[in-house]
Structure formats: structure tokens, C-alpha cells
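Asker: Handing you a structure now.
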Amino acid sequence: MAIIFRLDRMMADRKISSGELASRIDLTNANLSILKTGKARAIRMSTLEAICRELHCQPGDILEYVPDDKEKDFLQ
Amino acid sequence: MKYLGEKSLSSFLHIFLVVAWYLVILAALFVGVILSIAIFSDPVLEPGVSAFSRMKFELYSEIKKDPEAWKFFSSAPVHFRFIALLFVSAVIFLLLKIIKKGQSIFSNFKKNIVFNEANVLLISKVSKLLIVFSILTFNFSSLLVSIILLILTDVFKNGAALQEEHDLTV
């Protein structure tokens, strides 16, 4: 998918482990790893809200749009 | 009454099908021996001296319990009688396949895996096998059940898609 979840960078900045983040935002480790590996189909507003609250950031800091290869070809 | 998970109806059915698998194999061996003796050897009318001919005599008396059917069967030519063996082996083969697939379905249900791509495949295969089986054995109530199962395949397919969507929503 073209939307990438940049959770690792933000977590390194805030010096928080993924286990701790998972317990703080009431998410299982399995679900957090789905989010980090980019397998997630959708994200609940409540989850996004909790992540932003715990990491003290804006949604734009953790979400990033990168065009797919097909779209890149189309643009060139 | 629990239907899914440990100590539920599905786990009971799983054990039942495991037992049924061995019972069907035993019954198939027994029927196969009796049928092939009836087809390929001459009738033994009196118990002979050797143990083998005595055993054959016992088997014949077992077959001859229905005299009318036996008369019809024994007067037919060999290749016609051979069809009976093919028919019985086809029915038993189908039954064994259905039991094996049923075992996998119920072991998945036992592990609380319900709406899954693997289950969709298994249920669609079972329903198709069951349709053939019920037509072969002229069992039309079973045909109705298998057609309902075939429709349930689509329900399970939609369920599996929804389940995947739900599992990947964080």
C-alpha cells in the first residue's frame, strides 16, 4: 500500500519500546506488529488517537504517503 | 451447549469421525472379501475339510440370507457382477474422503478457527463429494443436506473475507 506507518522512527525519538507502547494504548503485541509491518488494512480512529496521545505527536508525523511503483511510472 | 472450542459438540464430532474412519475401513475390508468371493469363485455348498473352504462356506451362508437377491446376483455374467465391486469401492472411497475432510473441518472448529479460507475449501469439497455420494446411494435427504452445505460455502466465503478485514483492522 502507498501509505506507510513510520512508527519506528517516532518510537526511537520518544525512547519507548513496542511492548510498552502496546500496553499503554491497549493493543496486543500481535496487532502492533501488524501495524508496523504494514499488513494492516485499516486503522481505527481510537487507535490513532491513542498512539498520538502517547507519543505526543500529530498523525502526520507517523503516516507517510509514498507512491507505488506503478504510480511512479505514471508520473514519469 | 457449546458448539465451538474445547469440550464442545465439534470436538465430540471430531473424535466420532476419527473412530468412524477406522470402522469404515474395517467394514470395507469385510465387504470387499465377501464380495470378491461371491464374484470370483464358485459357490461352496457344503463345508469342506480344510479351514479355508469352511470359512468360504460360512461366508456363503452369510451372503445367502436374502435368497432372491442372491439368485439374481449369481445368475448374472462375471463382468456384470464386477460392476458391483466397482460400485461398492467407489461408495467407500467417497465415504472415506468425506470423513477425512470432516475431521479437518471439526478439528479447525475445535481450535476456534471458523471463518477461514481453508474451511471454505474443505466445506465446498465436502458438499460436492456428498452430492455424488447421495446420488450414488439414492439417498435424497442427504442430497438436500449437501445442497444446503453447498450454499453455506458461499456464506463461509463471505464470512472469511469479513473476518480477514476485521483481523487486519487495528
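Labels used: A, B, ... for chains in the order of the C-alpha cells, numbers from 1 for residues in each chain, and numbers from 1 for ligands as shown.
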Please identify every residue of chain A that has at least one atom no farther than 9 Å from an atom of chain B, counting only C-alpha atoms, and for each give the shortest atom pair and the distance in Å to one decimal, arranged by chain then increasing number, as JSON lines.
Answerer:
```
{"residue": "A:Leu27", "atom": "CA", "partner": "B:Val170", "partner_atom": "CA", "distance": 8.2}
{"residue": "A:Asn31", "atom": "CA", "partner": "B:Val170", "partner_atom": "CA", "distance": 6.1}
{"residue": "A:Leu32", "atom": "CA", "partner": "B:Val170", "partner_atom": "CA", "distance": 7.6}
{"residue": "A:Ile34", "atom": "CA", "partner": "B:Leu168", "partner_atom": "CA", "distance": 7.3}
{"residue": "A:Leu35", "atom": "CA", "partner": "B:Val170", "partner_atom": "CA", "distance": 6.9}
{"residue": "A:Lys39", "atom": "CA", "partner": "B:Leu168", "partner_atom": "CA", "distance": 7.0}
{"residue": "A:Ala40", "atom": "CA", "partner": "B:Leu168", "partner_atom": "CA", "distance": 4.8}
{"residue": "A:Arg41", "atom": "CA", "partner": "B:Leu168", "partner_atom": "CA", "distance": 5.4}
{"residue": "A:Ala42", "atom": "CA", "partner": "B:Thr169", "partner_atom": "CA", "distance": 4.7}
{"residue": "A:Ile43", "atom": "CA", "partner": "B:Val170", "partner_atom": "CA", "distance": 5.0}
{"residue": "A:Arg44", "atom": "CA", "partner": "B:Val170", "partner_atom": "CA", "distance": 6.2}
{"residue": "A:Thr47", "atom": "CA", "partner": "B:Val170", "partner_atom": "CA", "distance": 7.0}
```
Asker: Hey, what's within 7 Å of segment 22-39 of chain B if we count only C-alpha atoms and toss same-chain stuff fewer than 6 positions away? As JSON, numbers by chain, please?
Answerer: {"B": [59, 78, 81, 82, 85, 92]}
Asker: Would you export the selected residues with all heavy atoms as a JSON list (two decimals), in the first residue's frame, please?
Answerer:
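again.json, freshly written:
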```
[["chain", "number", "residue", "atom", "x", "y", "z"],
["B", 59, "LEU", "N", -18.98, -67.78, 4.76],
["B", 59, "LEU", "CA", -19.23, -66.52, 4.06],
["B", 59, "LEU", "C", -20.40, -66.66, 3.10],
["B", 59, "LEU", "O", -21.22, -65.75, 2.99],
["B", 59, "LEU", "CB", -17.97, -66.10, 3.29],
["B", 59, "LEU", "CG", -16.87, -65.51, 4.16],
["B", 59, "LEU", "CD1", -15.64, -65.21, 3.33],
["B", 59, "LEU", "CD2", -17.36, -64.22, 4.82],
["B", 78, "VAL", "N", -20.02, -62.54, -15.28],
["B", 78, "VAL", "CA", -18.96, -62.07, -14.36],
["B", 78, "VAL", "C", -18.75, -60.57, -14.46],
["B", 78, "VAL", "O", -18.65, -59.88, -13.44],
["B", 78, "VAL", "CB", -17.64, -62.81, -14.67],
["B", 78, "VAL", "CG1", -16.52, -62.23, -13.81],
["B", 78, "VAL", "CG2", -17.77, -64.28, -14.37],
["B", 81, "ARG", "N", -21.25, -58.73, -12.54],
["B", 81, "ARG", "CA", -21.04, -58.82, -11.10],
["B", 81, "ARG", "C", -19.85, -57.97, -10.67],
["B", 81, "ARG", "O", -19.82, -57.47, -9.56],
["B", 81, "ARG", "CB", -20.79, -60.28, -10.71],
["B", 81, "ARG", "CG", -22.07, -61.07, -10.61],
["B", 81, "ARG", "CD", -21.78, -62.47, -10.18],
["B", 81, "ARG", "NE", -21.43, -63.31, -11.33],
["B", 81, "ARG", "CZ", -20.89, -64.51, -11.21],
["B", 81, "ARG", "NH1", -20.61, -65.00, -10.02],
["B", 81, "ARG", "NH2", -20.62, -65.23, -12.27],
["B", 82, "PHE", "N", -18.92, -57.79, -11.60],
["B", 82, "PHE", "CA", -17.73, -56.99, -11.29],
["B", 82, "PHE", "C", -18.10, -55.52, -11.04],
["B", 82, "PHE", "O", -17.49, -54.84, -10.24],
["B", 82, "PHE", "CB", -16.74, -57.11, -12.44],
["B", 82, "PHE", "CG", -15.40, -56.50, -12.14],
["B", 82, "PHE", "CD1", -14.57, -57.08, -11.18],
["B", 82, "PHE", "CD2", -14.98, -55.36, -12.79],
["B", 82, "PHE", "CE1", -13.34, -56.53, -10.89],
["B", 82, "PHE", "CE2", -13.75, -54.80, -12.51],
["B", 82, "PHE", "CZ", -12.93, -55.39, -11.56],
["B", 85, "LEU", "N", -18.64, -54.65, -7.47],
["B", 85, "LEU", "CA", -17.40, -54.39, -6.72],
["B", 85, "LEU", "C", -16.93, -52.95, -6.94],
["B", 85, "LEU", "O", -16.57, -52.25, -5.99],
["B", 85, "LEU", "CB", -16.32, -55.37, -7.16],
["B", 85, "LEU", "CG", -15.10, -55.44, -6.26],
["B", 85, "LEU", "CD1", -15.46, -55.96, -4.90],
["B", 85, "LEU", "CD2", -14.03, -56.31, -6.89],
["B", 92, "ILE", "N", -17.32, -46.50, -0.92],
["B", 92, "ILE", "CA", -16.47, -46.50, 0.27],
["B", 92, "ILE", "C", -15.37, -45.45, 0.15],
["B", 92, "ILE", "O", -15.06, -44.73, 1.11],
["B", 92, "ILE", "CB", -15.89, -47.90, 0.51],
["B", 92, "ILE", "CG1", -16.99, -48.80, 1.05],
["B", 92, "ILE", "CG2", -14.73, -47.86, 1.48],
["B", 92, "ILE", "CD1", -16.66, -50.25, 1.03]]
```
Asker: Identify, with DSSP run on backbone atoms, the residues in chain A assigned to alpha helix (DSSP H), and express the list as number ranges by chain.
Answerer: A: 7-14, 18-24, 29-37, 45-55, 59-62, 69-75
Asker: Need the shell around Asp8 of chain A: protein/DNA/RNA residues with any atom at most 12 Å away, counting only C-alpha atoms. Skip same-chain ones fewer than 3 positions apart. Format as a count of residues only?
Answerer: 21
Asker: Would you please work out which residue, of A:Ala22, A:Ala2, A:Ala30, A:Met10, is nearest to Gln58 of chain A when using only C-alpha atoms?
Answerer: A:Met10
Asker: In Å, rounded to a single decimal, give me how far atom CA of Ser10 of chain B is from atom CA of Phe106 of chain B.
Answerer: 5.4 Å
Asker: Can you measure atom CA of Ile105 of chain B to atom CA of Leu136 of chain B for me? One decimal in Å is fine.
Answerer: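 For atom CA of Ile105 of chain B relative to atom CA of Leu136 of chain B, the distance reads 23.7 Å.
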Asker: Just the residues within 10 Å of segment 139-152 of chain B, please, counting only C-alpha atoms, with nothing from its chain fewer than 2 positions along; format it as a count of residues only.
Answerer: 21
Asker: Out of A:Asp69, A:Arg9, A:Met45, A:Arg53, which residue has the shortest atom-to-atom distance to Arg24 of chain A when counting only C-alpha atoms?
Answerer: A:Arg53
Asker: What is the distance, in Å and to one decimal place, between atom CA of Thr153 of chain B and atom CA of Trp21 of chain B?
Answerer: 24.0 Å
